[in-house]
file upload_29.csv (CSV, C-alpha atoms)
chain,number,residue,atom,x,y,z
R,1,MET,CA,-5.1,-14.4,10.5
R,2,ILE,CA,-4.6,-12.6,7.2
R,3,PHE,CA,-3.1,-9.1,7.5
R,4,GLU,CA,-4.5,-6.8,4.8
R,5,THR,CA,-1.8,-4.1,4.4
R,6,HIS,CA,-3.6,-1.9,1.8
R,7,ALA,CA,-7.3,-1.2,1.2
R,8,HIS,CA,-9.5,1.8,0.6
R,9,TYR,CA,-12.7,1.2,2.6
R,10,ASP,CA,-13.5,4.9,2.6
R,11,ASP,CA,-14.1,4.6,-1.2
R,12,GLU,CA,-17.6,5.3,-2.4
R,13,ALA,CA,-17.7,1.8,-3.9
R,14,PHE,CA,-18.4,0.6,-0.3
R,15,ALA,CA,-21.1,3.2,0.5
R,16,GLN,CA,-23.9,0.7,0.5
R,17,ASP,CA,-22.5,-2.1,2.6
R,18,ARG,CA,-19.3,-0.9,4.3
R,19,GLU,CA,-20.5,-1.6,7.8
R,20,ASN,CA,-21.7,-5.1,7.2
R,21,LEU,CA,-18.7,-6.0,5.1
R,22,LEU,CA,-16.2,-4.8,7.7
R,23,ALA,CA,-18.1,-6.5,10.4
R,24,SER,CA,-17.7,-9.8,8.6
R,25,MET,CA,-14.0,-9.7,8.2
R,26,GLN,CA,-12.7,-11.4,11.3
R,27,GLU,CA,-15.1,-14.4,11.0
R,28,HIS,CA,-13.5,-14.9,7.5
R,29,GLY,CA,-10.0,-14.9,8.9
R,30,ILE,CA,-9.0,-11.3,8.1
R,31,GLY,CA,-7.4,-10.2,11.4
R,32,TYR,CA,-6.0,-6.7,10.5
R,33,ILE,CA,-6.7,-4.1,7.8
R,34,VAL,CA,-4.7,-1.0,7.0
R,35,ASN,CA,-6.9,1.6,5.3
R,36,ALA,CA,-4.6,3.7,3.1
R,37,CYS,CA,-5.4,7.3,2.4
R,38,ALA,CA,-5.3,8.5,-1.2
R,39,SER,CA,-7.2,11.8,-1.5
R,40,ILE,CA,-7.2,14.7,0.9
R,41,GLU,CA,-10.8,13.9,1.8
R,42,SER,CA,-9.7,10.4,2.8
R,43,LEU,CA,-7.6,11.6,5.7
R,44,LYS,CA,-10.6,12.3,7.9
R,45,ASP,CA,-12.5,9.2,6.6
R,46,THR,CA,-9.5,6.9,7.5
R,47,GLU,CA,-9.3,8.4,11.0
R,48,GLU,CA,-13.0,7.6,11.5
R,49,LEU,CA,-12.7,4.0,10.3
R,50,MET,CA,-9.7,3.5,12.7
R,51,GLU,CA,-11.8,4.8,15.6
R,52,GLN,CA,-14.8,2.7,14.7
R,53,TYR,CA,-13.2,-0.7,14.1
R,54,PRO,CA,-10.5,-2.2,16.5
R,55,PHE,CA,-8.9,-4.2,13.7
R,56,VAL,CA,-8.6,-1.2,11.2
R,57,TYR,CA,-5.4,0.8,11.2
R,58,GLY,CA,-4.5,3.9,9.2
R,59,ALA,CA,-1.8,4.9,6.7
R,60,PHE,CA,-1.9,8.7,6.2
R,61,GLY,CA,-0.6,10.3,3.0
R,62,ILE,CA,-1.7,11.7,-0.4
R,63,HIS,CA,-1.7,9.8,-3.6
R,64,PRO,CA,0.4,11.5,-6.4
R,65,ASP,CA,-2.8,12.1,-8.4
R,66,ASP,CA,-3.7,14.7,-5.8
R,67,ALA,CA,-0.2,16.2,-5.4
R,68,GLU,CA,-1.2,19.5,-7.1
R,69,LYS,CA,-4.0,20.0,-4.4
R,70,MET,CA,-1.6,19.7,-1.5
R,71,THR,CA,-0.5,22.6,0.7
R,72,GLU,CA,1.6,23.1,3.8
R,73,GLU,CA,-1.6,22.7,5.7
R,74,THR,CA,-2.2,19.3,4.1
R,75,LEU,CA,1.3,18.2,5.1
R,76,GLU,CA,0.7,19.4,8.7
R,77,GLU,CA,-2.6,17.5,8.8
R,78,ILE,CA,-0.8,14.3,7.7
R,79,ARG,CA,1.9,14.9,10.4
R,80,GLN,CA,-0.8,15.3,13.2
R,81,LEU,CA,-2.8,12.2,12.1
R,82,SER,CA,0.4,10.2,11.9
R,83,ARG,CA,0.8,10.6,15.7
R,84,LEU,CA,-2.5,8.8,16.4
R,85,PRO,CA,-2.0,5.5,18.3
R,86,LYS,CA,-3.3,3.4,15.4
R,87,ALA,CA,-1.5,5.3,12.6
R,88,VAL,CA,1.0,2.7,11.2
R,89,ALA,CA,2.5,4.3,8.0
R,90,ILE,CA,2.7,7.3,5.7
R,91,GLY,CA,0.9,6.4,2.5
R,92,GLU,CA,0.0,6.0,-0.1
R,93,ILE,CA,2.5,8.3,-1.5
R,94,GLY,CA,4.8,8.2,-4.6
R,95,LEU,CA,4.8,8.9,-8.3
R,96,ASP,CA,2.3,8.3,-11.1
R,97,TYR,CA,3.2,9.3,-14.6
R,98,TYR,CA,0.5,7.2,-16.3
R,99,TRP,CA,-2.1,10.0,-16.2
R,100,HIS,CA,0.3,12.8,-15.6
R,101,LYS,CA,2.7,13.3,-18.6
R,102,GLU,CA,3.9,16.9,-18.2
R,103,GLU,CA,7.3,17.6,-16.6
R,104,HIS,CA,5.9,20.2,-14.3
R,105,GLU,CA,3.4,17.6,-12.9
R,106,HIS,CA,6.3,15.3,-12.3
R,107,GLU,CA,8.2,17.9,-10.4
R,108,ILE,CA,5.2,18.6,-8.1
R,109,GLN,CA,4.7,14.9,-7.5
R,110,LYS,CA,8.4,14.5,-6.6
R,111,LYS,CA,8.3,17.5,-4.2
R,112,MET,CA,5.2,16.2,-2.4
R,113,PHE,CA,6.6,12.6,-2.3
R,114,LEU,CA,9.8,13.8,-0.7
R,115,ALA,CA,7.9,16.1,1.8
R,116,GLN,CA,5.8,13.1,2.9
R,117,MET,CA,8.9,10.8,3.1
R,118,GLU,CA,10.4,13.4,5.4
R,119,ILE,CA,7.3,13.1,7.7
R,120,ALA,CA,7.8,9.3,7.7
R,121,ARG,CA,11.4,9.9,8.8
R,122,GLU,CA,10.7,12.4,11.4
R,123,GLU,CA,7.7,10.5,12.9
R,124,LYS,CA,9.6,7.2,12.7
R,125,LEU,CA,7.0,5.5,10.6
R,126,PRO,CA,7.3,3.2,7.5
R,127,PHE,CA,6.1,4.4,4.1
R,128,MET,CA,3.8,2.9,1.4
R,129,VAL,CA,4.9,3.8,-2.1
R,130,HIS,CA,2.7,4.0,-5.1
R,131,SER,CA,4.7,3.9,-8.4
R,132,ARG,CA,3.2,3.7,-11.9
R,133,ASP,CA,5.2,4.3,-15.1
R,134,ALA,CA,7.8,6.1,-12.9
R,135,ALA,CA,10.2,3.3,-12.1
R,136,LYS,CA,13.5,5.1,-12.3
R,137,ASP,CA,12.4,8.3,-10.5
R,138,THR,CA,10.7,6.3,-7.7
R,139,LEU,CA,13.8,4.1,-7.2
R,140,ASP,CA,16.2,7.1,-7.2
R,141,LEU,CA,14.1,9.1,-4.7
R,142,VAL,CA,13.6,6.1,-2.4
R,143,LYS,CA,17.3,5.3,-2.5
R,144,ASP,CA,18.2,8.9,-1.5
R,145,CYS,CA,15.7,8.9,1.3
R,146,MET,CA,17.0,5.5,2.7
R,147,LYS,CA,20.5,6.9,2.9
R,148,GLY,CA,19.2,9.4,5.5
R,149,GLY,CA,17.7,6.6,7.7
R,150,MET,CA,14.1,5.5,7.3
R,151,TYR,CA,11.9,3.1,9.2
R,152,GLY,CA,11.1,0.6,6.4
R,153,GLY,CA,8.4,0.6,3.9
R,154,ILE,CA,6.3,-1.3,1.3
R,155,ILE,CA,6.4,-0.9,-2.4
R,156,HIS,CA,2.6,-1.1,-2.9
R,157,CYS,CA,1.1,-3.1,-5.7
R,158,PHE,CA,4.6,-3.9,-7.1
R,159,SER,CA,4.4,-3.9,-10.9
R,160,TYR,CA,8.0,-3.8,-12.1
R,161,GLY,CA,10.5,-6.6,-13.0
R,162,LYS,CA,12.9,-8.8,-11.0
R,163,GLU,CA,15.9,-6.4,-11.3
R,164,MET,CA,13.8,-3.5,-9.9
R,165,ALA,CA,12.5,-5.8,-7.1
R,166,ARG,CA,16.1,-6.7,-6.2
R,167,GLU,CA,17.0,-3.0,-5.6
R,168,TYR,CA,14.1,-2.6,-3.2
R,169,LEU,CA,14.6,-5.9,-1.5
R,170,ASP,CA,18.3,-5.1,-1.0
R,171,MET,CA,17.2,-2.0,0.9
R,172,GLY,CA,15.2,-4.2,3.3
R,173,LEU,CA,11.9,-3.1,1.9
R,174,TYR,CA,8.7,-5.2,1.4
R,175,LEU,CA,6.8,-5.8,-1.7
R,176,GLY,CA,3.0,-5.6,-1.6
R,177,ILE,CA,1.4,-8.4,-3.6
R,178,GLY,CA,-2.3,-8.4,-4.5
R,179,GLY,CA,-4.8,-9.7,-7.0
R,180,VAL,CA,-2.6,-9.2,-10.1
R,181,VAL,CA,-0.5,-12.2,-9.1
R,182,THR,CA,-3.5,-14.4,-9.9
R,183,PHE,CA,-3.8,-13.2,-13.5
R,184,LYS,CA,-2.7,-15.5,-16.3
R,185,ASN,CA,-0.8,-12.8,-18.1
R,186,ALA,CA,1.1,-11.6,-14.9
R,187,LYS,CA,4.3,-13.4,-15.9
R,188,LYS,CA,6.6,-10.6,-14.7
R,189,LEU,CA,5.0,-10.4,-11.2
R,190,LYS,CA,5.0,-14.2,-10.8
R,191,GLU,CA,8.8,-14.1,-11.5
R,192,VAL,CA,9.2,-11.4,-8.9
R,193,VAL,CA,7.2,-13.5,-6.3
R,194,ALA,CA,9.3,-16.6,-7.1
R,195,TYR,CA,12.5,-14.6,-6.6
R,196,ALA,CA,11.6,-12.5,-3.5
R,197,PRO,CA,12.0,-14.1,-0.1
R,198,LEU,CA,8.6,-14.8,1.5
R,199,GLU,CA,9.9,-12.8,4.5
R,200,GLN,CA,9.8,-9.6,2.4
R,201,LEU,CA,6.3,-10.0,1.0
R,202,VAL,CA,3.0,-8.7,2.4
R,203,LEU,CA,-0.5,-9.3,1.3
R,204,GLU,CA,-2.8,-6.5,0.0
R,205,THR,CA,-5.9,-5.9,-2.1
R,206,ASP,CA,-6.0,-2.2,-3.0
R,207,SER,CA,-9.8,-2.7,-2.6
R,208,PRO,CA,-12.0,-1.8,-4.3
R,209,TYR,CA,-9.6,-2.3,-7.2
R,210,LEU,CA,-7.7,-5.2,-8.8
R,211,SER,CA,-9.8,-8.2,-7.8
R,212,PRO,CA,-8.0,-11.5,-8.2
R,213,GLU,CA,-9.2,-14.4,-10.3
R,214,PRO,CA,-11.9,-15.7,-10.2
R,215,ASN,CA,-13.5,-12.4,-9.3
R,216,ARG,CA,-11.5,-10.2,-11.8
R,217,GLY,CA,-13.5,-7.2,-12.9
R,218,LYS,CA,-15.7,-7.1,-9.8
R,219,ARG,CA,-15.4,-4.9,-6.7
R,220,ASN,CA,-12.5,-6.2,-4.6
R,221,SER,CA,-12.4,-6.7,-0.9
R,222,SER,CA,-10.1,-8.2,1.7
R,223,LEU,CA,-12.3,-11.4,1.6
R,224,ASN,CA,-10.5,-12.1,-1.7
R,225,LEU,CA,-7.0,-12.4,0.0
R,226,PRO,CA,-7.1,-16.2,0.2
R,227,TYR,CA,-6.9,-16.3,-3.6
R,228,VAL,CA,-3.7,-14.2,-3.4
R,229,ALA,CA,-2.2,-16.3,-0.7
R,230,GLU,CA,-3.0,-19.5,-2.7
R,231,ALA,CA,-1.3,-18.1,-5.8
R,232,ILE,CA,1.8,-17.1,-3.9
R,233,ALA,CA,1.9,-20.6,-2.3
R,234,GLN,CA,1.7,-22.2,-5.7
R,235,ILE,CA,4.6,-20.1,-7.0
R,236,LYS,CA,6.7,-20.6,-3.9
R,237,GLY,CA,6.0,-24.3,-3.5
R,238,CYS,CA,4.7,-24.0,0.0
R,239,SER,CA,1.3,-24.1,1.8
R,240,GLU,CA,-1.2,-21.3,1.8
R,241,GLU,CA,-1.1,-21.4,5.6
R,242,GLU,CA,2.6,-20.7,5.6
R,243,VAL,CA,2.1,-17.7,3.2
R,244,ILE,CA,-0.6,-16.3,5.5
R,245,ALA,CA,1.5,-16.8,8.7
R,246,VAL,CA,4.7,-15.4,7.3
R,247,THR,CA,3.1,-12.4,5.7
R,248,GLU,CA,1.2,-11.7,8.8
R,249,GLU,CA,4.4,-11.7,10.8
R,250,ASN,CA,6.1,-9.5,8.2
R,251,ALA,CA,3.3,-6.9,8.4
R,252,LYS,CA,3.2,-7.0,12.2
R,253,LYS,CA,6.9,-6.4,12.4
R,254,LEU,CA,6.8,-3.5,10.0
R,255,LEU,CA,3.5,-1.8,10.8
R,256,LEU,CA,2.7,-2.8,14.4
R,257,ARG,CA,6.3,-3.1,15.5
R,258,LYS,CA,5.6,-6.5,16.9
call {"tool": "encode", "arguments": {"input": "upload_29.csv", "output": "structure tokens"}}
result
Amino acid sequence: MIFETHAHYDDEAFAQDRENLLASMQEHGIGYIVNACASIESLKDTEELMEQYPFVYGAFGIHPDDAEKMTEETLEEIRQLSRLPKAVAIGEIGLDYYWHKEEHEHEIQKKMFLAQMEIAREEKLPFMVHSRDAAKDTLDLVKDCMKGGMYGGIIHCFSYGKEMAREYLDMGLYLGIGGVVTFKNAKKLKEVVAYAPLEQLVLETDSPYLSPEPNRGKRNSSLNLPYVAEAIAQIKGCSEEEVIAVTEENAKKLLLRK
């Protein structure tokens, strides 16, 4: 079964057909889904999805876009939710300098990133890191955190080059690979996938975003993951079935502790 490690089914893009779509997942080979929080509002929504669907798990954290909205109460809510039986990670957390150019915004993001990484450490959970236009700062902060002992993690929607990938892989972390790997112009990511051991890759969609070819530009869902697995298989010179099996095992080991 395919293990979807990162989706946002609480997003309003699924408002019209969320129930029917999720109900169809298992018959299409999607065995597990991690719904990753992004906004403060998504914390409660993710908890509800976990409760409603046996195959949906939760990652609790706040995306850097919302770092300025966070308070001590937000951090405490994340901590409490992370103790639920089906909470599997702290995420998505990290740094995003694409929309946020000011130094004071970067400092707030770093502060909240570290605060949430500390929750991951204390609660003995892996983390899911978002990093956009913030390669060096993200790497430096993750490296520092790993020195203090962490419980693994995924660099979500990995978008940097092979050298940066090596740094994360050497720390024993996983790279989240989604629809971008199917794009013709994704040369850098294809090189990373060729270089990285299959045992350190996991499948994800970031639904409703980043649909793979041939559905690029449309709303994404976990039903598109076979296209991602097929692209990885072509790059690695193995079967799609092997990609699905190994990435499922990777995700279970990290997120379900199996």
call {"tool": "atom_distance", "arguments": {"input": "upload_29.csv", "atom1": "CA of Gly94 (chain R)", "atom2": "CA of His130 (chain R)"}}
result
4.7 Å
call {"tool": "residues_around", "arguments": {"input": "upload_29.csv", "residues": "region 5-13 of chain R", "least_positions_apart": "5", "cutoff": "6 Å", "atoms": "only C-alpha atoms", "output": "PyMOL selection string"}}
result
chain R and resi 33-36+45+204-207
call {"tool": "atom_distance", "arguments": {"input": "upload_29.csv", "atom1": "CA of Lys187 (chain R)", "atom2": "CA of Leu210 (chain R)"}}
result
16.2 Å
call {"tool": "residues_around", "arguments": {"input": "upload_29.csv", "residues": "Pro208 (chain R)", "least_positions_apart": "3", "cutoff": "6 Å", "atoms": "only C-alpha atoms", "output": "PDB file with C-alpha atoms, keeping the file's coordinate frame"}}
result
ATOM      1  CA  ARG R 219     -15.400  -4.900  -6.700  1.00  0.00           C
ATOM      2  CA  ASN R 220     -12.500  -6.200  -4.600  1.00  0.00           C
ATOM      3  CA  SER R 221     -12.400  -6.700  -0.900  1.00  0.00           C
TER       4      SER R 221
END
call {"tool": "residues_around", "arguments": {"input": "upload_29.csv", "residues": "Trp99 (chain R)", "least_positions_apart": "4", "cutoff": "10 Å", "atoms": "all atoms listed in the file", "output": "NGL selection string"}}
result
:R and (65 or 105 or 132-133)
call {"tool": "write_last_selection", "arguments": {"input": "upload_29.csv", "atoms": "C-alpha atoms", "output": "PDB file, in the coordinates of the input"}}
result
ATOM      1  CA  ASP R  65      -2.800  12.100  -8.400  1.00  0.00           C
ATOM      2  CA  GLU R 105       3.400  17.600 -12.900  1.00  0.00           C
ATOM      3  CA  ARG R 132       3.200   3.700 -11.900  1.00  0.00           C
ATOM      4  CA  ASP R 133       5.200   4.300 -15.100  1.00  0.00           C
TER       5      ASP R 133
END
call {"tool": "closest_residue", "arguments": {"input": "upload_29.csv", "among": "R:Val56, R:Ala23, R:Met1, R:Leu43", "to": "Glu249 (chain R)", "atoms": "only C-alpha atoms"}}
result
R:Met1
call {"tool": "residues_around", "arguments": {"input": "upload_29.csv", "residues": "Val181 (chain R)", "least_positions_apart": "3", "cutoff": "12 Å", "atoms": "all atoms listed in the file", "output": "NGL selection string"}}
result
:R and (157-159 or 176-178 or 184-194 or 203-205 or 210-214 or 216 or 225 or 227-235)
call {"tool": "closest_residue", "arguments": {"input": "upload_29.csv", "among": "R:Ile108, R:Met150, R:Leu95, R:Ala165", "to": "Glu122 (chain R)", "atoms": "all atoms listed in the file"}}
result
R:Met150
call {"tool": "atom_distance", "arguments": {"input": "upload_29.csv", "atom1": "CA of Glu123 (chain R)", "atom2": "CA of Ile244 (chain R)"}}
result
29.0 Å
call {"tool": "closest_residue", "arguments": {"input": "upload_29.csv", "among": "R:Glu4, R:Glu73, R:Glu92, R:Glu240", "to": "Met117 (chain R)", "atoms": "all atoms listed in the file"}}
result
R:Glu92
call {"tool": "residues_around", "arguments": {"input": "upload_29.csv", "residues": "Lys253 (chain R)", "least_positions_apart": "6", "cutoff": "12 Å", "atoms": "all atoms listed in the file", "output": "ChimeraX atom specification"}}
result
/R:3,88,126,151-153,174,199-202,246-247
call {"tool": "closest_residue", "arguments": {"input": "upload_29.csv", "among": "R:Ala67, R:Cys37, R:Leu139, R:Ala59", "to": "Phe127 (chain R)", "atoms": "only C-alpha atoms"}}
result
R:Ala59
call {"tool": "closest_residue", "arguments": {"input": "upload_29.csv", "among": "R:Phe183, R:Tyr53, R:Tyr168, R:Phe60", "to": "Leu84 (chain R)", "atoms": "only C-alpha atoms"}}
result
R:Phe60
call {"tool": "closest_residue", "arguments": {"input": "upload_29.csv", "among": "R:Gln109, R:Asn215, R:Gln16, R:Ser82", "to": "Asp66 (chain R)", "atoms": "all atoms listed in the file"}}
result
R:Gln109
